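**Q** What follows is the file structure29.pdb, containing PDB, C-alpha atoms and all ligand atoms:
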MODEL        1
ATOM      1  CA  MET A 775     -85.118  11.041 -14.700
ATOM      2  CA  LYS A 776     -81.339  11.485 -14.518
ATOM      3  CA  ILE A 777     -79.639   8.829 -12.337
ATOM      4  CA  LEU A 778     -78.305  11.391  -9.858
ATOM      5  CA  ASP A 779     -81.781  12.944  -9.512
ATOM      6  CA  MET A 780     -83.422   9.668  -8.472
ATOM      7  CA  PRO A 781     -84.577   9.891  -4.825
ATOM      8  CA  CYS A 782     -83.029   6.481  -4.035
ATOM      9  CA  VAL A 783     -79.646   7.647  -5.357
ATOM     10  CA  LYS A 784     -79.925  10.857  -3.355
ATOM     11  CA  GLY A 785     -80.807   8.841  -0.234
ATOM     12  CA  PHE A 786     -77.845   6.534  -0.857
ATOM     13  CA  ILE A 787     -75.440   9.475  -1.142
ATOM     14  CA  GLN A 788     -76.884  11.161   1.954
ATOM     15  CA  LEU A 789     -76.521   8.046   4.110
ATOM     16  CA  ALA A 790     -72.884   7.604   3.010
ATOM     17  CA  GLN A 791     -72.131  11.228   3.875
ATOM     18  CA  ASP A 792     -73.960  11.001   7.215
ATOM     19  CA  GLY A 793     -71.852   7.941   8.112
ATOM     20  CA  VAL A 794     -68.666   9.797   7.140
ATOM     21  CA  ASP A 795     -69.717  12.786   9.265
ATOM     22  CA  LYS A 796     -70.164  10.401  12.210
ATOM     23  CA  GLY A 797     -66.580   9.143  11.801
ATOM     24  CA  TRP A 798     -67.592   5.587  10.925
ATOM     25  CA  HIS A 799     -65.687   5.324   7.617
ATOM     26  CA  GLU A 800     -61.907   5.653   7.947
ATOM     27  CA  MET A 801     -60.015   4.963   4.695
ATOM     28  CA  ASN A 802     -62.172   2.639   2.583
ATOM     29  CA  GLY A 803     -63.966   1.261   5.641
ATOM     30  CA  GLY A 804     -67.634   0.346   5.395
ATOM     31  CA  ASN A 805     -69.976  -0.167   2.471
ATOM     32  CA  LEU A 806     -73.599   0.280   1.448
ATOM     33  CA  SER A 807     -76.092  -1.334  -0.904
ATOM     34  CA  TYR A 808     -79.716  -0.706  -1.914
ATOM     35  CA  ARG A 809     -82.126  -2.912  -3.921
ATOM     36  CA  LEU A 810     -84.080  -0.908  -6.499
ATOM     37  CA  THR A 811     -87.871  -1.006  -6.912
ATOM     38  CA  GLY A 812     -89.378  -2.052 -10.259
ATOM     39  CA  MET A 813     -89.982   1.582 -11.201
ATOM     40  CA  GLU A 814     -86.457   2.611 -10.280
ATOM     41  CA  LYS A 815     -85.085  -0.299 -12.315
ATOM     42  CA  ALA A 816     -87.179   0.763 -15.338
ATOM     43  CA  ASN A 817     -85.858   4.313 -14.999
ATOM     44  CA  VAL A 818     -82.227   3.095 -14.963
ATOM     45  CA  LYS A 819     -82.825   1.023 -18.114
ATOM     46  CA  LYS A 820     -84.477   3.974 -19.864
ATOM     47  CA  GLU A 821     -81.808   6.462 -18.825
ATOM     48  CA  VAL A 822     -78.667   4.322 -19.384
ATOM     49  CA  LYS A 823     -80.045   2.271 -22.323
ATOM     50  CA  LYS A 824     -77.170  -0.268 -22.467
ATOM     51  CA  PRO A 825     -75.344  -2.121 -19.696
ATOM     52  CA  GLN A 826     -71.683  -3.139 -19.874
ATOM     53  CA  LYS A 827     -71.353  -6.397 -21.828
ATOM     54  CA  GLU A 828     -69.328  -8.337 -19.296
ATOM     55  CA  TRP A 829     -71.060 -10.569 -16.717
ATOM     56  CA  ILE A 830     -68.834 -10.837 -13.622
ATOM     57  CA  ASP A 831     -68.800 -13.627 -10.990
ATOM     58  CA  ILE A 832     -70.328 -12.720  -7.611
ATOM     59  CA  CYS A 833     -68.516 -15.721  -6.004
ATOM     60  CA  GLU A 834     -71.785 -16.470  -4.179
ATOM     61  CA  SER A 835     -75.151 -17.807  -5.243
ATOM     62  CA  VAL A 836     -78.238 -15.656  -4.615
ATOM     63  CA  PRO A 837     -80.904 -17.177  -6.903
ATOM     64  CA  LYS A 838     -83.776 -15.327  -5.181
ATOM     65  CA  LEU A 839     -82.200 -12.037  -6.287
ATOM     66  CA  ALA A 840     -82.114 -12.974 -10.002
ATOM     67  CA  GLY A 841     -82.852  -9.906 -12.134
ATOM     68  CA  GLU A 842     -82.680  -7.474  -9.202
ATOM     69  CA  PHE A 843     -80.780  -4.166  -9.504
ATOM     70  CA  PHE A 844     -78.567  -2.787  -6.724
ATOM     71  CA  ILE A 845     -76.801   0.461  -5.985
ATOM     72  CA  VAL A 846     -73.509  -0.505  -4.339
ATOM     73  CA  THR A 847     -70.338   1.238  -3.152
ATOM     74  CA  ARG A 848     -66.984   0.554  -4.832
ATOM     75  CA  THR A 849     -64.300  -1.774  -3.527
ATOM     76  CA  THR A 850     -61.294   0.198  -2.189
ATOM     77  CA  GLY A 851     -63.480   3.291  -2.681
ATOM     78  CA  TYR A 852     -63.886   5.816   0.103
ATOM     79  CA  MET A 853     -67.329   6.603   1.540
ATOM     80  CA  ARG A 854     -66.257  10.272   1.700
ATOM     81  CA  ASN A 855     -66.122  10.276  -2.120
ATOM     82  CA  VAL A 856     -69.689   9.000  -2.580
ATOM     83  CA  MET A 857     -71.004  12.588  -2.506
ATOM     84  CA  ARG A 858     -67.959  14.128  -4.261
ATOM     85  CA  THR A 859     -67.455  11.741  -7.204
ATOM     86  CA  PRO A 860     -70.562   9.545  -7.361
ATOM     87  CA  GLU A 861     -69.897   7.947 -10.752
ATOM     88  CA  SER A 862     -66.674   6.392  -9.552
ATOM     89  CA  ALA A 863     -67.521   5.851  -5.860
ATOM     90  CA  PHE A 864     -70.544   3.628  -6.496
ATOM     91  CA  GLY A 865     -72.508   1.967  -9.253
ATOM     92  CA  ILE A 866     -75.772   0.364 -10.273
ATOM     93  CA  VAL A 867     -75.560  -3.340 -11.145
ATOM     94  CA  GLU A 868     -77.932  -6.069 -12.337
ATOM     95  CA  ILE A 869     -77.908  -9.661 -11.028
ATOM     96  CA  ASP A 870     -78.210 -12.319 -13.782
ATOM     97  CA  SER A 871     -80.956 -14.926 -14.129
ATOM     98  CA  THR A 872     -78.967 -17.530 -12.127
ATOM     99  CA  GLY A 873     -78.023 -15.260  -9.215
ATOM    100  CA  THR A 874     -74.299 -15.950  -9.646
ATOM    101  CA  LYS A 875     -73.150 -13.036 -11.838
ATOM    102  CA  PHE A 876     -73.673  -9.302 -12.192
ATOM    103  CA  ARG A 877     -73.109  -6.616 -14.811
ATOM    104  CA  ILE A 878     -72.699  -2.865 -14.466
ATOM    105  CA  TRP A 879     -75.337  -0.443 -15.773
ATOM    106  CA  TRP A 880     -74.100   2.834 -14.328
ATOM    107  CA  GLY A 881     -71.107   4.214 -12.398
ATOM    108  CA  LEU A 882     -68.029   2.326 -11.115
ATOM    109  CA  VAL A 883     -66.156   4.127 -13.918
ATOM    110  CA  ASP A 884     -62.554   3.244 -14.830
ATOM    111  CA  GLY A 885     -62.874  -0.443 -14.053
ATOM    112  CA  GLY A 886     -64.436  -0.142 -10.584
ATOM    113  CA  ARG A 887     -65.970  -3.196  -8.911
ATOM    114  CA  PRO A 888     -68.516  -3.494  -6.060
ATOM    115  CA  THR A 889     -67.334  -3.626  -2.435
ATOM    116  CA  SER A 890     -65.346  -6.643  -1.264
ATOM    117  CA  GLU A 891     -68.311  -7.332   1.021
ATOM    118  CA  PHE A 892     -70.730  -7.597  -1.947
ATOM    119  CA  PRO A 893     -71.200 -11.362  -1.310
ATOM    120  CA  SER A 894     -72.177 -10.584   2.322
ATOM    121  CA  HIS A 895     -74.474  -7.778   1.223
ATOM    122  CA  LEU A 896     -76.228  -9.973  -1.348
ATOM    123  CA  LYS A 897     -76.643 -12.933   1.007
ATOM    124  CA  ASN A 898     -78.165 -10.558   3.579
ATOM    125  CA  HIS A 899     -80.409  -8.979   0.941
ATOM    126  CA  GLU A 900     -81.640 -12.406  -0.094
ATOM    127  CA  VAL A 901     -82.620 -13.311   3.489
ATOM    128  CA  LYS A 902     -84.258  -9.936   4.122
ATOM    129  CA  PHE A 903     -86.067  -9.893   0.749
ATOM    130  CA  LEU A 904     -87.637 -13.284   1.517
ATOM    131  CA  GLN A 905     -88.772 -11.984   4.932
ATOM    132  CA  ASP A 906     -90.285  -8.807   3.470
ATOM    133  CA  PRO A 907     -89.842  -7.406  -0.053
ATOM    134  CA  ASN A 908     -89.821  -3.897   1.451
ATOM    135  CA  ASN A 909     -86.366  -4.575   2.960
ATOM    136  CA  ARG A 910     -83.986  -2.754   0.634
ATOM    137  CA  VAL A 911     -80.924  -1.441   2.496
ATOM    138  CA  ILE A 912     -77.815  -3.191   3.879
ATOM    139  CA  TYR A 913     -75.296  -0.918   5.607
ATOM    140  CA  HIS A 914     -71.871  -1.811   7.016
ATOM    141  CA  ALA A 915     -69.780   0.608   9.102
ATOM    142  CA  HIS A 916     -66.888   0.671  11.591
ATOM    143  CA  PRO A 917     -68.228   2.642  14.605
ATOM    144  CA  VAL A 918     -65.538   2.969  17.254
ATOM    145  CA  ASN A 919     -67.409   2.305  20.513
ATOM    146  CA  LEU A 920     -69.235  -0.731  19.164
ATOM    147  CA  ILE A 921     -65.903  -2.209  18.050
ATOM    148  CA  ALA A 922     -64.430  -1.421  21.488
ATOM    149  CA  MET A 923     -67.351  -3.238  23.139
ATOM    150  CA  THR A 924     -66.483  -6.435  21.254
ATOM    151  CA  PHE A 925     -63.286  -6.646  23.353
ATOM    152  CA  ILE A 926     -65.054  -6.599  26.719
ATOM    153  CA  VAL A 927     -68.521  -8.121  26.230
ATOM    154  CA  PRO A 928     -68.811 -11.904  25.606
ATOM    155  CA  LEU A 929     -69.354 -12.506  21.875
ATOM    156  CA  LYS A 930     -72.846 -13.906  22.342
ATOM    157  CA  ALA A 931     -76.140 -12.450  21.095
ATOM    158  CA  LYS A 932     -77.702 -12.513  24.563
ATOM    159  CA  ASP A 933     -74.812 -10.743  26.319
ATOM    160  CA  PHE A 934     -74.478  -8.116  23.617
ATOM    161  CA  THR A 935     -78.211  -7.465  23.343
ATOM    162  CA  LEU A 936     -78.650  -7.134  27.122
ATOM    163  CA  ALA A 937     -75.601  -4.873  27.425
ATOM    164  CA  LEU A 938     -77.223  -2.460  24.953
ATOM    165  CA  TRP A 939     -80.849  -2.835  26.102
ATOM    166  CA  GLN A 940     -79.756  -2.080  29.685
ATOM    167  CA  ILE A 941     -77.807   1.070  28.876
ATOM    168  CA  MET A 942     -80.373   3.213  27.016
ATOM    169  CA  THR A 943     -84.144   3.041  27.564
ATOM    170  CA  GLU A 944     -85.130   3.283  23.885
ATOM    171  CA  CYS A 945     -82.943   0.346  22.774
ATOM    172  CA  PRO A 946     -85.464  -2.472  23.343
ATOM    173  CA  VAL A 947     -88.066  -0.371  21.492
ATOM    174  CA  ILE A 948     -85.768   0.276  18.525
ATOM    175  CA  PHE A 949     -84.318  -3.243  18.214
ATOM    176  CA  PRO A 950     -86.636  -5.618  20.134
ATOM    177  CA  LYS A 951     -85.264  -8.640  18.268
ATOM    178  CA  GLY A 952     -81.810  -7.886  19.659
ATOM    179  CA  ILE A 953     -78.468  -8.075  17.951
ATOM    180  CA  GLY A 954     -76.582 -11.036  16.470
ATOM    181  CA  VAL A 955     -72.848 -11.585  16.901
ATOM    182  CA  VAL A 956     -70.363 -13.089  14.436
ATOM    183  CA  PRO A 957     -67.016 -14.041  16.036
ATOM    184  CA  TRP A 958     -63.837 -12.715  14.444
ATOM    185  CA  MET A 959     -63.459 -13.971  10.862
ATOM    186  CA  VAL A 960     -61.589 -12.949   7.728
ATOM    187  CA  PRO A 961     -63.729 -10.281   5.991
ATOM    188  CA  GLY A 962     -64.821 -10.370   2.355
ATOM    189  CA  LYS A 963     -65.155 -14.176   2.240
ATOM    190  CA  GLY A 964     -67.942 -16.721   1.899
ATOM    191  CA  GLU A 965     -67.650 -17.933   5.509
ATOM    192  CA  ILE A 966     -68.412 -14.523   7.024
ATOM    193  CA  ALA A 967     -71.142 -13.925   4.423
ATOM    194  CA  SER A 968     -72.866 -17.201   5.375
ATOM    195  CA  ALA A 969     -72.493 -16.624   9.117
ATOM    196  CA  THR A 970     -73.929 -13.093   8.815
ATOM    197  CA  SER A 971     -76.857 -13.986   6.573
ATOM    198  CA  LYS A 972     -77.774 -16.889   8.853
ATOM    199  CA  LEU A 973     -78.039 -14.430  11.768
ATOM    200  CA  MET A 974     -79.982 -11.991   9.564
ATOM    201  CA  GLU A 975     -82.772 -14.582   9.567
ATOM    202  CA  GLU A 976     -83.317 -13.669  13.231
ATOM    203  CA  TYR A 977     -81.901 -10.144  13.583
ATOM    204  CA  ASP A 978     -81.737  -6.852  11.656
ATOM    205  CA  ILE A 979     -78.386  -5.966  13.253
ATOM    206  CA  VAL A 980     -75.279  -8.163  13.283
ATOM    207  CA  VAL A 981     -71.953  -7.352  14.972
ATOM    208  CA  TRP A 982     -68.672  -8.443  13.431
ATOM    209  CA  ALA A 983     -66.300  -8.884  16.379
ATOM    210  CA  HIS A 984     -63.344  -6.452  16.353
ATOM    211  CA  HIS A 985     -64.525  -5.105  12.984
ATOM    212  CA  GLY A 986     -67.911  -3.373  12.798
ATOM    213  CA  LEU A 987     -71.645  -3.692  12.324
ATOM    214  CA  PHE A 988     -74.157  -4.705   9.614
ATOM    215  CA  CYS A 989     -77.662  -3.201   9.653
ATOM    216  CA  ALA A 990     -80.643  -4.106   7.459
ATOM    217  CA  GLY A 991     -83.529  -1.717   6.852
ATOM    218  CA  THR A 992     -86.575  -0.976   4.739
ATOM    219  CA  THR A 993     -85.272   2.575   4.244
ATOM    220  CA  PHE A 994     -81.997   4.488   4.438
ATOM    221  CA  ASP A 995     -83.339   6.238   7.544
ATOM    222  CA  ARG A 996     -84.020   2.951   9.297
ATOM    223  CA  ALA A 997     -80.621   1.376   8.444
ATOM    224  CA  PHE A 998     -78.789   4.540   9.497
ATOM    225  CA  GLY A 999     -80.943   4.895  12.603
ATOM    226  CA  LEU A1000     -80.090   1.370  13.754
ATOM    227  CA  MET A1001     -76.360   2.001  13.284
ATOM    228  CA  ASP A1002     -76.651   5.325  15.103
ATOM    229  CA  THR A1003     -78.642   3.899  18.035
ATOM    230  CA  VAL A1004     -76.332   0.934  18.555
ATOM    231  CA  GLU A1005     -73.230   3.128  18.386
ATOM    232  CA  LYS A1006     -74.686   5.744  20.750
ATOM    233  CA  SER A1007     -75.534   3.054  23.293
ATOM    234  CA  ALA A1008     -72.078   1.509  22.842
ATOM    235  CA  ASP A1009     -70.608   4.967  23.530
ATOM    236  CA  ILE A1010     -72.523   5.206  26.821
ATOM    237  CA  PHE A1011     -71.593   1.609  27.657
ATOM    238  CA  MET A1012     -67.870   2.266  27.122
ATOM    239  CA  LYS A1013     -67.963   5.511  29.150
ATOM    240  CA  VAL A1014     -69.638   3.733  32.050
ATOM    241  CA  ALA A1015     -67.238   0.787  31.779
ATOM    242  CA  ALA A1016     -64.236   3.110  31.704
ATOM    243  CA  THR A1017     -65.270   5.190  34.708
ATOM    244  CA  GLN A1018     -67.086   2.820  37.066
ATOM    245  CA  LYS A1019     -66.114  -0.597  38.361
ATOM    246  CA  LYS A1020     -69.667  -1.206  39.434
ATOM    247  CA  ARG A1021     -72.841   0.517  38.280
ATOM    248  CA  LEU A1022     -74.807   2.276  41.012
ATOM    249  CA  SER A1023     -77.997   1.665  39.065
ATOM    250  CA  THR A1024     -79.081   0.208  35.742
ATOM    251  CA  ILE A1025     -82.105  -0.676  33.634
ATOM    252  CA  THR A1026     -83.085  -4.101  34.973
ATOM    253  CA  LYS A1027     -84.498  -7.049  33.045
ATOM    254  CA  LYS A1028     -87.802  -6.372  34.836
ATOM    255  CA  ASP A1029     -87.710  -2.772  33.563
ATOM    256  CA  ILE A1030     -87.214  -4.043  30.010
ATOM    257  CA  ALA A1031     -90.186  -6.405  30.441
ATOM    258  CA  LYS A1032     -92.242  -3.370  31.525
ATOM    259  CA  ILE A1033     -91.198  -1.439  28.402
ATOM    260  CA  ALA A1034     -92.116  -4.449  26.252
ATOM    261  CA  LYS A1035     -95.582  -4.529  27.835
ATOM    262  CA  GLU A1036     -96.223  -0.769  27.637
ATOM    263  CA  PHE A1037     -94.973  -0.471  24.049
ATOM    264  CA  ASN A1038     -96.564  -3.756  22.986
ATOM    265  CA  LEU A1039     -93.234  -5.093  21.704
ATOM    266  CA  VAL A1040     -94.612  -8.428  20.533
ATOM    267  CA  ASN A1041     -91.341  -9.513  18.901
ATOM    268  CA  LEU A1042     -89.090  -8.624  21.840
ATOM    269  CA  ARG A1043     -86.753 -11.600  22.354
ATOM    270  CA  LYS A1044     -88.043 -12.514  25.800
ATOM    271  CA  GLN A1045     -85.628 -15.427  26.293
ATOM    272  CA  PHE A1046     -82.843 -12.847  26.682
ATOM    273  CA  LEU A1047     -84.559 -11.573  29.844
ATOM    274  CA  ARG A1048     -84.334 -14.936  31.609
TER     275      ARG A1048
HETATM  276  O1  LIG B1101     -65.042  -2.023   2.517
HETATM  277  O2  LIG B1101     -65.274  -2.390   5.481
HETATM  278  O3  LIG B1101     -65.237  -5.015   5.609
HETATM  279  C1  LIG B1101     -64.083  -2.226   3.481
HETATM  280  C2  LIG B1101     -64.660  -2.962   4.614
HETATM  281  C3  LIG B1101     -64.486  -4.410   4.614
HETATM  282 ZN    ZN B1102     -65.608  -3.524   7.256
ENDMDL
END
Translate the structure described by the file into structure tokens.

**A**
Amino acid sequence: MKILDMPCVKGFIQLAQDGVDKGWHEMNGGNLSYRLTGMEKANVKKEVKKPQKEWIDICESVPKLAGEFFIVTRTTGYMRNVMRTPESAFGIVEIDSTGTKFRIWWGLVDGGRPTSEFPSHLKNHEVKFLQDPNNRVIYHAHPVNLIAMTFIVPLKAKDFTLALWQIMTECPVIFPKGIGVVPWMVPGKGEIASATSKLMEEYDIVVWAHHGLFCAGTTFDRAFGLMDTVEKSADIFMKVAATQKKRLSTITKKDIAKIAKEFNLVNLRKQFLR
């Protein structure tokens, strides 16, 4: 099967375009990666035949991902070009047997390299893969209301999670584990990659203060859906905050406990309701 006909490649392109349509990807903002299945990997090898010779440093160590293949967006590339010029806007890469280097099989033409957040993506993939091998997608975007929220809500997992759970009824159902928060840090570096992947051990969604959001999912739909839900709730939160000094009513912690019971949300982080 041709690379661009593979369902995972089509799903990758669609998510990128959906994020662009939402307004989450100004300039080269945001990035996306997907870990291929064994069958998808075999198809890439059959179709492309030979990888590029050069093994390139990841600048991180992800030994549990040795031999895995990833689709990943290009550094300084624009998400809006993922659909228009796929072969330059993203690529398919292989991780070496030590988990410290990668080489390019397809795409990233004219000397392209994976996103500057590739170390963060891979560290998150490693954590999520060990939790459940069906976890395949890591998605990073810059949604405006969520970023705005990071200026007025304390940068703590409990405060952020409650703020979102209490603003839209479906939130505790969609992300019962809550949402992790990384304080402001320089992006694209090992420190932020470590801080994010540590939180990914407990959460599927991690906020980067004054920057954006990382979501992990088993599918493109799930990763996009998490981003979309968090940003929609953040939109409501910011509207309420901008127009009302005091809320006349809200979803209470008791209400959330009721939802957890009715929906049998066994992994709802109950300590956030105390
Ligand atoms: O890819 O979003 O965090 C550009 C970014 C860096
Ligand atoms: Zn970013």

**Q** Please find the residues contacting ligand LIG 1101 (chain B) at a distance of at most 10 Å between atoms, with only C-alpha atoms and all ligand atoms counted, and report them as a PyMOL selection string.

**A** chain A and resi 798-806+847-853+888-892+894+914-916+960-963+982+985-988

**Q** On this file, the PyMOL selection byres (((chain A and resi 950) around 7) and not hetatm) gives some set of residues; write that set as a list of chain:residue names.

**A**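 This file gives the following for the PyMOL selection byres (((chain A and resi 950) around 7) and not hetatm): A:Pro946, A:Val947, A:Ile948, A:Phe949, A:Lys951, A:Gly952, A:Leu1039, A:Asn1041, A:Leu1042, A:Arg1043.
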
**Q** With the PyMOL selection byres (((chain A and resi 919) around 9) and not hetatm) as the selection, what would be picked from this file? Answer as a PyMOL selection string, please.

**A** chain A and resi 917-918+920-924+1005-1012

**Q** Figure out the distance between CA of Met942 in chain A and CA of Asp1029 in chain A, please, to one decimal in Å.

**A**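 Distance reported for this atom pair: 11.5 Å.
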
**Q** Using the chain letters and numbers from this file, what does the PyMOL selection byres (((chain A and resi 936) around 10) and not hetatm) select? Give the answer as an NGL selection string.

**A** :A and (931-935 or 937-941 or 945-946 or 952-953 or 1025-1027 or 1030 or 1046-1047)

**Q** Check the smallest atom-to-atom distance from each of A:Met974, A:Glu834, A:Glu1036, A:Trp958 to ligand ZN 1102 (chain B) using all atoms listed in the file, then report the winner.

**A**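 Among the listed residues, A:Trp958 lies closest to ligand ZN 1102 (chain B).
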
**Q** Taking the point (-68.4, 7.4, -8.8) as given in the file, collect each protein or nucleic acid residue that comes within 9 Å of it, counting only C-alpha atoms, and present the set as an MDAnalysis selection string.

**A** chainID A and resid 847:848 851 855:865 881:883 886

**Q** By how many Å are CA of Asp978 in chain A and CA of Ile832 in chain A apart?

**A**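 Atom-to-atom, CA of Asp978 in chain A and CA of Ile832 in chain A are spaced 23.1 Å apart.
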
**Q** How many Å separate CA of Leu973 in chain A from CA of Thr993 in chain A?

**A**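 About the pair CA of Leu973 in chain A and CA of Thr993 in chain A: they are 20.0 Å apart.
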
**Q** Find, counting only C-alpha atoms, the residue in A:Ile830, A:Lys1044, A:Glu821, A:Val794 that gets nearest to Arg887 in chain A.

**A**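 Among the listed residues, A:Ile830 lies closest to Arg887 in chain A.
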
**Q** So, with all atoms listed in the file as the atoms that count, which of A:Ala1015, A:Ala983, A:Ala816, A:Leu839 lies closest to ligand ZN 1102 (chain B)?

**A**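 Checking each of A:Ala1015, A:Ala983, A:Ala816, A:Leu839 against ligand ZN 1102 (chain B), counting all atoms listed in the file, the winner is A:Ala983.
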
**Q** Given all atoms listed in the file as the basis, pick out the residue of A:Met959, A:Arg1048, A:Leu789, A:Ile1033 nearest to ligand ZN 1102 (chain B).

**A** A:Met959

**Q** Env of Leu904 in chain A: 12 Å cut, atoms = all atoms listed in the file, seq-sep filter 2 positions within chain, self excluded. Answer as a list in words.

**A**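 Counting only the stated atoms, we get Val836, Pro837, Lys838, Leu839, Lys897, Asn898, His899, Glu900, Val901, Lys902, Asp906, Pro907, Asn908, Asn909, Arg910, Ser971, Met974 and Glu975 of chain A.
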